[in-house]
Every structure is written in structure tokens, then in C-alpha cells.
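What's in final_22.txt: compact mmCIF, C-alpha atoms
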# COMPACT_ATOMS: atom_id res chain seq x y z
CA MET D 78 -5.40 -11.80 -37.56
CA ARG D 79 -6.81 -12.36 -34.09
CA TYR D 80 -5.20 -11.42 -30.81
CA ARG D 81 -5.30 -12.20 -27.10
CA ALA D 82 -3.88 -10.75 -23.91
CA ALA D 83 -0.32 -11.90 -23.23
CA ASP D 84 0.00 -14.41 -20.40
CA ASN D 85 2.02 -11.96 -18.34
CA VAL D 86 -0.69 -9.28 -18.28
CA ALA D 87 -3.30 -8.55 -15.64
CA TYR D 88 -5.85 -5.83 -16.11
CA GLU D 89 -8.76 -4.11 -14.42
CA VAL D 90 -11.41 -1.76 -15.81
CA LEU D 91 -12.91 1.09 -13.76
CA ASP D 92 -15.36 3.67 -15.09
CA GLY D 93 -14.64 2.32 -18.55
CA GLU D 94 -10.92 3.03 -18.29
CA ALA D 95 -8.37 0.24 -18.08
CA VAL D 96 -5.17 -0.30 -16.13
CA LEU D 97 -2.87 -2.98 -17.54
CA LEU D 98 -0.04 -4.49 -15.51
CA ASP D 99 2.94 -6.26 -17.07
CA LEU D 100 3.61 -8.89 -14.41
CA ASP D 101 7.18 -9.44 -15.64
CA SER D 102 8.31 -5.83 -15.44
CA SER D 103 5.82 -4.54 -12.80
CA ARG D 104 5.04 -1.75 -15.26
CA TYR D 105 1.56 -0.22 -15.36
CA TYR D 106 -0.24 1.12 -18.43
CA SER D 107 -3.53 2.99 -18.63
CA LEU D 108 -6.05 3.17 -21.46
CA ASN D 109 -8.81 5.73 -21.94
CA ARG D 110 -12.38 4.60 -22.50
CA SER D 111 -12.18 3.89 -26.21
CA GLY D 112 -8.79 2.24 -25.82
CA ALA D 113 -10.12 0.17 -22.95
CA ARG D 114 -13.11 -0.94 -25.03
CA ALA D 115 -10.83 -2.04 -27.86
CA TRP D 116 -8.50 -3.78 -25.40
CA GLN D 117 -11.30 -5.78 -23.82
CA VAL D 118 -12.40 -7.07 -27.24
CA LEU D 119 -8.86 -7.78 -28.42
CA ALA D 120 -7.87 -9.44 -25.15
CA ASP D 121 -10.79 -11.84 -25.52
CA GLY D 122 -9.53 -13.08 -28.88
CA ALA D 123 -10.96 -10.71 -31.46
CA GLY D 124 -9.32 -9.07 -34.46
CA ALA D 125 -8.87 -5.43 -35.42
CA ASP D 126 -12.17 -5.17 -37.29
CA GLU D 127 -14.19 -6.43 -34.34
CA ALA D 128 -12.36 -4.08 -32.00
CA SER D 129 -13.02 -1.11 -34.29
CA ALA D 130 -16.69 -2.05 -34.54
CA ALA D 131 -16.94 -2.24 -30.75
CA VAL D 132 -15.48 1.25 -30.45
CA VAL D 133 -17.83 2.67 -33.10
CA GLU D 134 -20.79 1.02 -31.37
CA ARG D 135 -19.92 2.55 -27.99
CA PHE D 136 -18.53 5.96 -28.92
CA ASP D 137 -19.34 8.80 -31.29
CA VAL D 138 -16.51 8.19 -33.71
CA ALA D 139 -16.30 7.60 -37.45
CA ALA D 140 -15.44 4.10 -38.62
CA ASP D 141 -12.28 5.11 -40.46
CA VAL D 142 -11.01 7.05 -37.46
CA ALA D 143 -11.75 4.15 -35.11
CA SER D 144 -10.03 1.74 -37.47
CA ALA D 145 -6.88 3.86 -37.61
CA ASP D 146 -6.84 4.38 -33.86
CA VAL D 147 -7.33 0.67 -33.14
CA SER D 148 -4.58 -0.22 -35.61
CA GLU D 149 -2.18 2.14 -33.85
CA LEU D 150 -3.24 0.79 -30.45
CA ILE D 151 -2.62 -2.79 -31.57
CA ASP D 152 0.88 -1.85 -32.75
CA ARG D 153 1.66 -0.26 -29.38
CA LEU D 154 0.23 -3.14 -27.38
CA LEU D 155 2.17 -5.67 -29.45
CA ALA D 156 5.39 -3.65 -29.08
CA ALA D 157 4.89 -3.49 -25.32
CA GLY D 158 4.30 -7.26 -25.15
CA LEU D 159 0.84 -6.81 -23.70
CA LEU D 160 -1.01 -8.30 -26.67
CA VAL D 161 -0.03 -11.31 -28.76
CA ALA D 162 -1.29 -12.67 -32.08
CA SER D 163 -3.33 -15.83 -31.58
CA SER D 164 -3.81 -16.78 -35.23
CA MET F 50 -1.00 -21.49 17.93
CA THR F 51 0.71 -21.74 21.30
CA THR F 52 3.11 -19.09 22.44
CA ARG F 53 5.85 -18.60 24.98
CA ASP F 54 4.87 -17.15 28.33
CA ASP F 55 7.41 -14.34 28.14
CA ALA F 56 6.15 -12.78 24.89
CA ALA F 57 3.68 -9.91 25.22
CA THR F 58 0.61 -10.15 22.99
CA TYR F 59 -0.53 -7.01 21.19
CA PHE F 60 -3.61 -6.27 19.11
CA LEU F 61 -3.11 -4.44 15.82
CA HIS F 62 -4.15 -4.80 12.18
CA GLY F 63 -7.04 -6.96 13.41
CA LEU F 64 -4.63 -9.57 14.74
CA ALA F 65 -3.28 -10.74 18.08
CA VAL F 66 0.50 -10.60 17.73
CA ALA F 67 2.71 -12.31 20.33
CA SER F 68 6.07 -10.58 20.11
CA ASP F 69 9.48 -10.53 21.75
CA VAL F 70 9.92 -7.16 20.06
CA PRO F 71 7.95 -4.35 21.74
CA ILE F 72 5.12 -3.03 19.57
CA ASP F 73 3.49 0.35 19.96
CA ALA F 74 -0.05 -1.03 20.17
CA PRO F 75 -2.60 -2.02 22.83
CA SER F 76 -2.52 -5.46 24.42
CA ALA F 77 -4.65 -8.19 22.94
CA PRO F 78 -7.74 -9.22 24.92
CA ARG F 79 -6.89 -11.69 27.72
CA GLY F 80 -7.05 -15.27 26.57
CA ARG F 81 -6.96 -14.36 22.88
CA ALA F 82 -4.76 -16.86 21.08
CA PRO F 83 -2.15 -15.15 18.92
CA ASP F 84 -2.62 -15.11 15.17
CA LEU F 85 1.03 -14.24 14.58
CA GLU F 86 4.23 -14.73 16.53
CA ILE F 87 7.42 -12.64 16.35
CA THR F 88 10.47 -14.26 17.96
CA LEU F 89 13.81 -12.56 18.53
CA ALA F 90 16.71 -14.93 17.80
CA ARG F 91 20.43 -14.70 18.55
CA PRO F 92 22.44 -12.08 16.65
CA CYS F 93 23.93 -13.22 13.37
CA PRO F 94 25.81 -11.20 10.71
CA VAL F 95 23.44 -9.91 8.01
CA PRO F 96 25.40 -9.26 4.81
CA ASP F 97 24.32 -7.31 1.75
CA GLU F 98 24.18 -10.41 -0.48
CA LEU F 99 20.87 -11.77 -1.66
CA PRO F 100 19.75 -14.75 0.43
CA PRO F 101 19.49 -18.04 -1.51
CA GLY F 102 16.24 -18.96 -3.24
CA ARG F 103 13.77 -17.36 -5.61
CA LEU F 104 13.66 -13.56 -5.45
CA VAL F 105 10.17 -12.51 -4.39
CA ALA F 106 10.67 -8.79 -3.75
CA GLU F 107 13.50 -6.30 -3.65
CA SER F 108 13.91 -2.60 -2.94
CA ALA F 109 16.99 -0.44 -3.27
CA ASP F 110 17.95 3.19 -3.42
CA PRO F 111 20.81 4.44 -5.65
CA THR F 112 23.46 3.50 -3.10
CA ARG F 113 22.33 0.31 -1.37
CA ARG F 114 19.84 -2.51 -1.09
CA LEU F 115 17.12 -1.67 1.43
CA TYR F 116 15.62 -5.15 1.62
CA ALA F 117 15.15 -8.35 -0.33
CA ILE F 118 12.71 -11.21 0.08
CA THR F 119 13.53 -14.71 -1.17
CA GLU F 120 11.87 -18.09 -0.71
CA ASP F 121 13.23 -21.62 -1.11
CA GLY F 122 10.04 -23.67 -0.88
CA HIS F 123 10.24 -24.16 2.87
CA CYS F 124 10.85 -20.71 4.25
CA THR F 125 10.72 -17.09 3.18
CA LEU F 126 13.54 -14.78 4.24
CA MET F 127 13.36 -10.99 4.35
CA ARG F 128 16.80 -9.42 4.61
CA PHE F 129 17.50 -5.86 5.73
CA PRO F 130 21.29 -5.68 5.07
CA GLY F 131 23.27 -4.68 8.14
CA HIS F 132 20.17 -4.76 10.32
CA CYS F 133 18.38 -8.11 10.46
CA ASP F 134 17.20 -11.26 8.71
CA VAL F 135 13.55 -12.14 9.22
CA ALA F 136 12.62 -15.78 8.60
CA ILE F 137 8.95 -16.28 7.77
CA ASP F 138 7.40 -19.74 8.08
CA ALA F 139 5.40 -21.37 5.30
CA SER F 140 2.07 -20.75 7.05
CA TYR F 141 2.86 -17.02 7.33
CA THR F 142 2.15 -17.03 11.07
CA ARG F 143 5.68 -16.93 12.52
CA MET F 144 8.55 -14.49 12.07
CA THR F 145 11.99 -15.10 13.55
CA VAL F 146 14.13 -11.98 13.71
CA SER F 147 17.94 -12.41 13.72
CA PRO F 148 19.64 -9.04 14.26
CA ASP F 149 23.09 -8.18 12.99
CA PRO F 150 25.47 -7.93 15.99
CA SER F 151 26.12 -4.26 15.21
CA ALA F 152 22.51 -3.29 14.56
CA ASP F 153 20.56 -0.75 16.61
CA PRO F 154 17.96 -2.85 18.51
CA GLY F 155 15.41 -0.06 18.20
CA LEU F 156 15.81 0.09 14.43
CA VAL F 157 15.59 -3.70 14.21
CA GLY F 158 12.30 -3.48 16.10
CA LEU F 159 11.04 -0.80 13.73
CA LEU F 160 11.92 -2.93 10.68
CA ALA F 161 10.44 -6.09 12.18
CA THR F 162 7.14 -4.51 13.18
CA GLY F 163 6.95 -2.28 10.10
CA GLY F 164 8.25 -3.64 6.82
CA ALA F 165 8.57 -7.27 7.88
CA LEU F 166 5.14 -7.40 9.46
CA ALA F 167 3.70 -5.77 6.33
CA ALA F 168 5.50 -8.37 4.20
CA ILE F 169 4.19 -11.40 6.09
CA LEU F 170 0.65 -10.04 5.99
CA THR F 171 0.98 -9.38 2.24
CA LEU F 172 2.29 -12.90 1.69
CA ALA F 173 -0.68 -14.19 3.68
CA GLY F 174 -3.01 -12.47 1.22
CA ARG F 175 -3.85 -9.26 3.08
CA CYS F 176 -3.96 -5.81 1.47
CA VAL F 177 -1.34 -3.73 3.31
CA LEU F 178 -1.08 -0.06 2.38
CA HIS F 179 1.79 2.36 2.90
CA ALA F 180 -0.58 4.75 4.60
CA ALA F 181 -1.62 6.60 7.72
CA ALA F 182 -5.26 6.82 8.76
CA VAL F 183 -7.24 9.09 11.07
CA ASP F 184 -10.69 8.49 12.56
CA VAL F 185 -12.86 11.52 11.78
CA ASP F 186 -16.36 11.08 13.23
CA GLY F 187 -16.24 7.31 12.99
CA ARG F 188 -14.88 7.06 9.45
CA ALA F 189 -11.26 6.84 8.40
CA ILE F 190 -9.47 9.24 6.13
CA VAL F 191 -6.65 7.17 4.66
CA ILE F 192 -3.50 9.05 3.60
CA LEU F 193 -1.51 7.01 1.10
CA GLY F 194 1.93 7.53 -0.33
CA PRO F 195 5.64 6.79 -0.19
CA SER F 196 8.00 7.95 2.55
CA GLY F 197 8.37 11.72 2.61
CA SER F 198 5.13 12.44 0.75
CA GLY F 199 3.41 14.04 3.74
CA LYS F 200 1.34 11.17 5.16
CA SER F 201 2.23 11.73 8.80
CA THR F 202 2.05 15.51 8.41
CA LEU F 203 -1.49 15.41 7.09
CA ALA F 204 -2.44 12.81 9.71
CA ALA F 205 -1.02 15.06 12.45
CA ALA F 206 -3.03 18.04 11.16
CA LEU F 207 -6.22 15.94 11.22
CA CYS F 208 -5.42 14.75 14.77
CA ARG F 209 -4.73 18.35 15.83
CA ASP F 210 -8.29 19.13 14.73
CA GLY F 211 -9.71 16.36 16.93
CA GLY F 212 -9.28 13.29 14.76
CA ARG F 213 -8.06 10.10 16.40
CA LEU F 214 -5.15 8.12 15.09
CA VAL F 215 -5.89 4.78 13.43
CA SER F 216 -2.41 3.89 12.19
CA ASP F 217 0.77 5.34 10.77
CA ASP F 218 2.93 3.86 8.02
CA VAL F 219 1.31 0.42 7.87
CA LEU F 220 -2.43 0.11 7.25
CA VAL F 221 -4.28 -3.15 6.68
CA VAL F 222 -7.54 -2.85 4.75
CA ASP F 223 -10.27 -5.32 3.84
CA VAL F 224 -12.80 -4.96 1.06
CA ASP F 225 -16.04 -5.95 2.73
CA GLY F 226 -18.96 -6.14 0.31
CA GLY F 227 -19.52 -2.61 -0.93
CA SER F 228 -17.26 -0.93 1.59
CA VAL F 229 -13.61 -0.81 2.56
CA VAL F 230 -12.61 -1.28 6.20
CA CYS F 231 -9.25 -0.43 7.77
CA HIS F 232 -7.76 -1.77 10.98
CA ARG F 233 -6.18 0.06 13.90
CA GLY F 234 -2.40 -0.30 13.83
CA ASN F 235 0.42 1.34 15.72
CA GLY F 236 -0.20 4.30 17.98
CA THR F 237 2.50 6.86 17.24
CA LEU F 238 2.98 9.29 14.36
CA ARG F 239 6.63 9.73 13.37
CA LEU F 240 7.00 13.39 12.37
CA ARG F 241 9.87 14.91 10.42
CA PRO F 242 11.36 18.17 11.76
CA GLY F 243 9.25 20.41 9.50
CA ALA F 244 6.01 18.96 10.83
CA GLN F 245 6.85 18.96 14.54
CA LEU F 246 4.94 22.20 15.17
CA LEU F 247 1.75 20.21 14.58
CA ALA F 248 2.50 18.42 17.86
CA ASP F 249 3.23 21.59 19.87
CA HIS F 250 -0.03 21.25 21.78
CA LEU F 251 0.73 17.75 23.03
CA PRO F 252 2.00 17.37 26.62
CA PRO F 253 5.64 16.23 26.94
CA GLU F 254 4.66 12.75 28.07
CA ARG F 255 3.06 12.17 24.66
CA LEU F 256 6.23 13.09 22.76
CA THR F 257 9.24 10.84 22.17
CA THR F 258 12.27 10.69 19.92
CA THR F 259 12.04 7.73 17.56
CA VAL F 260 14.95 5.44 16.67
CA ASP F 261 15.11 7.03 13.20
CA GLY F 262 15.46 10.51 14.68
CA ARG F 263 11.91 11.75 14.20
CA LEU F 264 9.50 13.14 16.75
CA GLY F 265 7.14 10.45 17.97
CA ALA F 266 3.76 12.03 18.65
CA CYS F 267 1.26 9.91 20.58
CA TYR F 268 -2.08 11.39 19.58
CA GLU F 269 -5.33 10.09 21.00
CA PRO F 270 -5.92 6.68 19.38
CA THR F 271 -9.24 5.62 17.95
CA ASP F 272 -11.43 3.46 20.15
CA ALA F 273 -12.42 1.34 17.18
CA THR F 274 -10.38 -1.68 16.20
CA ALA F 275 -11.72 -1.36 12.64
CA LEU F 276 -13.67 1.33 10.85
CA PRO F 277 -14.99 2.16 7.37
CA VAL F 278 -12.81 4.14 4.98
CA ALA F 279 -14.36 7.46 3.92
CA ALA F 280 -11.71 8.46 1.39
CA VAL F 281 -8.18 7.77 0.27
CA VAL F 282 -6.04 10.89 0.00
CA VAL F 283 -2.74 10.91 -1.90
CA PRO F 284 -0.72 13.93 -0.66
CA GLN F 285 1.65 15.88 -2.85
CA PRO F 286 3.66 18.59 -1.03
CA THR F 287 3.48 22.01 -2.70
CA SER F 288 2.64 25.57 -1.75
CA GLU F 289 -1.14 25.56 -1.45
CA LEU F 290 -3.95 23.27 -0.40
CA ARG F 291 -5.91 21.91 -3.32
CA THR F 292 -7.80 18.66 -3.66
CA GLU F 293 -8.96 16.77 -6.72
CA VAL F 294 -11.00 13.60 -6.96
CA VAL F 295 -9.35 11.19 -9.39
CA ARG F 296 -11.42 8.54 -11.12
CA GLY F 297 -11.12 5.52 -13.34
CA ALA F 298 -7.65 4.44 -14.37
CA ALA F 299 -6.08 7.40 -12.55
CA ALA F 300 -7.60 6.25 -9.26
CA VAL F 301 -6.39 2.68 -9.73
CA LEU F 302 -2.93 3.92 -10.70
CA ALA F 303 -2.79 6.21 -7.63
CA LEU F 304 -3.58 3.23 -5.41
CA SER F 305 -1.21 0.93 -7.29
CA ARG F 306 1.68 2.92 -5.84
CA GLY F 307 0.48 2.25 -2.32
CA PRO F 308 1.64 -1.15 -1.05
CA ARG F 309 3.59 -0.89 2.22
CA VAL F 310 6.15 -3.33 0.88
CA GLY F 311 7.07 -2.57 -2.73
CA GLY F 312 9.31 -4.17 -5.29
CA TRP F 313 7.35 -7.42 -5.55
CA LYS F 314 8.48 -9.74 -8.34
CA ASP F 315 5.96 -12.50 -7.67
CA PRO F 316 3.27 -12.31 -10.41
CA ALA F 317 0.55 -13.63 -8.10
CA ILE F 318 1.18 -10.87 -5.56
CA LEU F 319 1.39 -8.20 -8.29
CA GLU F 320 -1.88 -9.38 -9.81
CA ARG F 321 -3.58 -9.47 -6.43
CA TRP F 322 -2.37 -5.96 -5.68
CA LEU F 323 -3.90 -4.65 -8.92
CA ALA F 324 -7.19 -6.36 -8.02
CA ASP F 325 -7.08 -4.80 -4.52
CA ALA F 326 -6.35 -1.33 -5.95
CA HIS F 327 -9.30 -1.72 -8.31
CA ALA F 328 -11.58 -2.96 -5.52
CA ILE F 329 -10.71 0.00 -3.28
CA ALA F 330 -11.02 2.60 -6.07
CA ALA F 331 -14.42 1.18 -7.05
CA ARG F 332 -15.75 1.63 -3.51
CA VAL F 333 -14.01 4.63 -1.96
CA PRO F 334 -13.32 8.12 -3.38
CA VAL F 335 -9.64 8.68 -4.17
CA LEU F 336 -8.27 12.23 -3.98
CA THR F 337 -4.96 13.81 -4.68
CA ALA F 338 -4.23 16.64 -2.25
CA THR F 339 -1.47 19.16 -2.78
CA LEU F 340 -0.37 20.38 0.62
CA PRO F 341 1.27 23.60 1.81
CA PRO F 342 4.07 23.47 4.39
CA PRO F 343 2.92 22.28 7.83
CA ALA F 344 2.83 25.81 9.27
CA ASP F 345 0.32 26.84 6.61
CA LEU F 346 -2.04 23.88 6.95
CA PRO F 347 -5.47 25.35 7.77
CA PRO F 348 -7.70 24.10 10.60
CA ARG F 349 -10.64 21.80 9.92
CA LEU F 350 -8.76 20.00 7.19
CA ALA F 351 -11.20 17.10 7.18
CA ASP F 352 -13.91 19.45 5.93
CA ARG F 353 -11.66 20.36 3.03
CA LEU F 354 -10.96 16.74 2.20
CA LEU F 355 -14.32 15.07 2.63
CA PRO F 356 -16.90 17.24 0.80
CA ASP F 357 -15.15 16.58 -2.48
CA ALA F 358 -15.07 12.91 -1.70
CA VAL F 359 -18.66 12.06 -0.97
CA ALA F 360 -19.81 11.21 -4.48
CA LEU F 361 -18.50 8.12 -6.16
CA PRO F 362 -18.49 8.17 -9.96
Represent the structure from my file as C-alpha cells, please.
Amino acid sequence: MRYRAADNVAYEVLDGEAVLLDLDSSRYYSLNRSGARAWQVLADGAGADEASAAVVERFDVAADVASADVSELIDRLLAAGLLVASS
Amino acid sequence: MTTRDDAATYFLHGLAVASDVPIDAPSAPRGRAPDLEITLARPCPVPDELPPGRLVAESADPTRRLYAITEDGHCTLMRFPGHCDVAIDASYTRMTVSPDPSADPGLVGLLATGGALAAILTLAGRCVLHAAAVDVDGRAIVILGPSGSGKSTLAAALCRDGGRLVSDDVLVVDVDGGSVVCHRGNGTLRLRPGAQLLADHLPPERLTTTVDGRLGACYEPTDATALPVAAVVVPQPTSELRTEVVRGAAAVLALSRGPRVGGWKDPAILERWLADAHAIAARVPVLTATLPPPADLPPRLADRLLPDAVALP
């Protein structure tokens, strides 16, 4: 499964952290550095495995922990309508 | 743009504004063609209903609608129920203000030159903050936040210490390469009763009562029409003075709450505002400042605000 940013989302990254804006609801969301790294990869069309690998590459975190965290993040982003499945 | 002979032309926010409505700002240089025109039209009832067209922005408190902005493809209308309708032309260079017959003319002027002027500049693509700013040694300390958060109080304390007023309530900023520049706006701080002691040293001729019942304090204005921003301070009233530099997402989020006109529904404007907040936070330190009551604000406040703000992440 691959993902992409929903059409109604704008985002900016500063100091590695991300702020996401739902343009339909005017609601803001923030992501810490590892979450922002995963978001950037997912928003560009990657899947969970690539996002986890990107987090492991950038941060001192075990692969299984990163995988679980990215999986939970994807669920939350999908539920919030910020991320959509692209395939 | 040509203008009528009877309209005074003011200079604020980096623009020459020809206006039937008096504006608390210096005159534009002689011969300067106006960038923006504010015309006062005949009174006309202004109901609470939404104007026709696509809803662009809306703000309400629990009891009433404060304003709404709609557009129908030809014209944008900003409605302040019970006060005035402001028609904005498609080029965002003309505002026509139609007051309600029962409206207070002074309050209509405040809405036209405050919220409505901020709206037309936002629609025209400018970044318009809900902020006061004070010139401290040639750089501006910007104080950002919603009504009642302590913007004017902190600005008054900085002016008491020798700072010069840049603007109150409406602040236009430009991101210019690696820096952020703000423009001189109106020339009077509107102080709530608790903060009036910060204006005790001003002579009577520099004090007025504003149409919304506050004390208008005319501090010395800055000489500069534009100046670089040294820091953005987000005040939070409490019992003691404490400052904290916020970074990353927290800085962007702090700024995201700062547009002078809120409640935008238009995705393009929302997206642009996020980009502006990011651009400012990437270039200028952003601080939160918890503030004691006005009587307990210490002297030399700028020294307390700026040392923490010199280093960008």
C-alpha cells in the first residue's frame, strides 16, 4: 500500500518538525521530527516500509519500534483525512 | 488610480491610502498617487444575514456574528452586522463603506480602517498580523496575539521605556530575502483600563478616549516607514514575567494564530497564511512571554525580551 498527502492538506517543515493544515476545517496538526520525516516520505507517495526505513536512517531507533510507530501514525493520519491511499 | 479631491491621503502599511474616513496616520507624501481608496457611501441597513455569494471568511462569538466576507465573482463584501457593509472591488484597491443608519460613525471608522483594511490587504496577498510593534533601537519587537492577550499593554511598556510605536492592532509584514520587515501603521495604542497607568507620564494632549471606550495613548511614533523585525513575542497574561523561545512546529503554530482577520475559509488564503507563518518563523525568533499585571511590568523590558531572541535555531 502506498500513500499520498490528501488534496486538502498544506504543510510546512521547520527545524525538522512539521505543521499540517487541513484546508477544509482550518485545523492545524503538528508532528515531531520522526513523525515529520515519516510524513514527508508518505506524502510523496511511499509506503509504510519506506517511511519506517527513512525514520531508522535518520534517527536512533530500532526497526521494529519505527515500524510500529509509523503504522500508528499512518492510522491517525488516515483517520484525520490528512493522508490517503494511492494504490 | 485617480482620487477625489476631498479625500485625505494617508501613509500607513507601506501604502498611500486616500480615505473619506479619518485614519490615525501621517499624510502621504505630496503628489503620491494612492494605492488604495476608501469611500464612505450613503447609510444603508446592515442586517445580520450572510451576504449572497461564496463564504470566504467568518468570525463569531457565542452570541453574534462579528463579521462575514463573501464574494460573488465581481465584488467581495465584508459585513459587520449592525455597523457597516464594506464592498471591496476585484482589484483589491477600493473599499466602499456603507454604514448602518444607527451605527456609531467612530466605530464604523475603526472597523473600516482596522478589520476591513486588514481584509483587503490579505485578499491582495499581503501578510497582515494581529499585532502591535515597537521600534527599539531601529528594530521592531512585534507583539502578536488575539484581542485581550496583552499586545497593547506590552507595547505601552516598551514605549514607556523609550521605544517608538510602529503600529497597534494591524501590522503588515513582508518577508524580504533572509529578513522580515514590518511597516508603520496607525499611531495610537488603545489601552484597556488595567493598562492605563502605563500612559500616566504622557501629557493630556496625547491621551484620548477611543470609540470603543479605551484610553488612546499617542506615544512617539517611529520615524521609519518600515523596519526589520527583531523578534515576535506572543504574550500570555499571568503573574510573573518569563520568556521562552519556541522553535520548529511550535513557532509556526504560534504564528498561525496571528492573522489580523481570522476565520478564513478560502483554501488559497489558508495555505498562504501557513507559508507566511513558516517564512517568518524561519527568519525571526519567536518567543512566548508570560506577563505580570501592568503595574508589575519591570523597566527595560526590551532587554528581557531580546537577549533570549538573538539566536535562531
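Remark: for chain D, the closest of the candidate residues F:Ala298, F:Leu340, F:Leu256, F:Ile190 is F:Ala298 (distances computed over all atoms listed in the file).
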Please determine the residues with any atom at most 6 Å from (0.1, 24.3, 3.4) (coordinates as given in the file, with only C-alpha atoms counting) and report them as a list in words.
Ser288, Glu289, Leu290, Leu340, Pro341, Pro342, Pro343, Asp345 and Leu346 of chain F
From the list D:Leu119, D:Val147, D:Ala82, D:Val90, which residue is nearest chain F when using all atoms listed in the file?
D:Val90
Between atom CA of F:Ala248 and atom CA of F:Cys231, measure the distance and give it in Å to one decimal.
24.4 Å
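Atom to atom, atom CA of F:Arg349 and atom CA of F:Val230 stand 23.5 Å apart.
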What lies within 12 Å of stretch 87-89 of chain D using all atoms listed in the file, ignoring chain neighbours under 3 positions off, as number ranges by chain?
D: 82-84, 92-108, 113-114, 116-117, 120, 159-160; F: 297-302, 305, 316-328, 330-331
Can I get the selected residues back with C-alpha atoms, as a CSV table (one decimal), keeping the file's coordinate frame?
chain,number,residue,atom,x,y,z
D,82,ALA,CA,-3.9,-10.8,-23.9
D,83,ALA,CA,-0.3,-11.9,-23.2
D,84,ASP,CA,0.0,-14.4,-20.4
D,92,ASP,CA,-15.4,3.7,-15.1
D,93,GLY,CA,-14.6,2.3,-18.6
D,94,GLU,CA,-10.9,3.0,-18.3
D,95,ALA,CA,-8.4,0.2,-18.1
D,96,VAL,CA,-5.2,-0.3,-16.1
D,97,LEU,CA,-2.9,-3.0,-17.5
D,98,LEU,CA,0.0,-4.5,-15.5
D,99,ASP,CA,2.9,-6.3,-17.1
D,100,LEU,CA,3.6,-8.9,-14.4
D,101,ASP,CA,7.2,-9.4,-15.6
D,102,SER,CA,8.3,-5.8,-15.4
D,103,SER,CA,5.8,-4.5,-12.8
D,104,ARG,CA,5.0,-1.8,-15.3
D,105,TYR,CA,1.6,-0.2,-15.4
D,106,TYR,CA,-0.2,1.1,-18.4
D,107,SER,CA,-3.5,3.0,-18.6
D,108,LEU,CA,-6.0,3.2,-21.5
D,113,ALA,CA,-10.1,0.2,-23.0
D,114,ARG,CA,-13.1,-0.9,-25.0
D,116,TRP,CA,-8.5,-3.8,-25.4
D,117,GLN,CA,-11.3,-5.8,-23.8
D,120,ALA,CA,-7.9,-9.4,-25.2
D,159,LEU,CA,0.8,-6.8,-23.7
D,160,LEU,CA,-1.0,-8.3,-26.7
F,297,GLY,CA,-11.1,5.5,-13.3
F,298,ALA,CA,-7.6,4.4,-14.4
F,299,ALA,CA,-6.1,7.4,-12.6
F,300,ALA,CA,-7.6,6.2,-9.3
F,301,VAL,CA,-6.4,2.7,-9.7
F,302,LEU,CA,-2.9,3.9,-10.7
F,305,SER,CA,-1.2,0.9,-7.3
F,316,PRO,CA,3.3,-12.3,-10.4
F,317,ALA,CA,0.6,-13.6,-8.1
F,318,ILE,CA,1.2,-10.9,-5.6
F,319,LEU,CA,1.4,-8.2,-8.3
F,320,GLU,CA,-1.9,-9.4,-9.8
F,321,ARG,CA,-3.6,-9.5,-6.4
F,322,TRP,CA,-2.4,-6.0,-5.7
F,323,LEU,CA,-3.9,-4.6,-8.9
F,324,ALA,CA,-7.2,-6.4,-8.0
F,325,ASP,CA,-7.1,-4.8,-4.5
F,326,ALA,CA,-6.4,-1.3,-6.0
F,327,HIS,CA,-9.3,-1.7,-8.3
F,328,ALA,CA,-11.6,-3.0,-5.5
F,330,ALA,CA,-11.0,2.6,-6.1
F,331,ALA,CA,-14.4,1.2,-7.0
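Atom CA of F:Val177 lies 18.6 Å from atom CA of F:Arg239.
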Using all atoms listed in the file, can you tell me which of D:Leu91, D:Met78, D:Ala140, D:Ala162 comes closest to chain F?
D:Leu91
List the neighbours of D:Ala115 out to 9 Å using all atoms listed in the file; skip same-chain residues closer than 3 positions along the sequence, and give me the result as JSON, numbers by chain.
{"D": [110, 111, 112, 118, 119, 120, 125, 127, 128, 129, 130, 131, 132, 147, 150]}
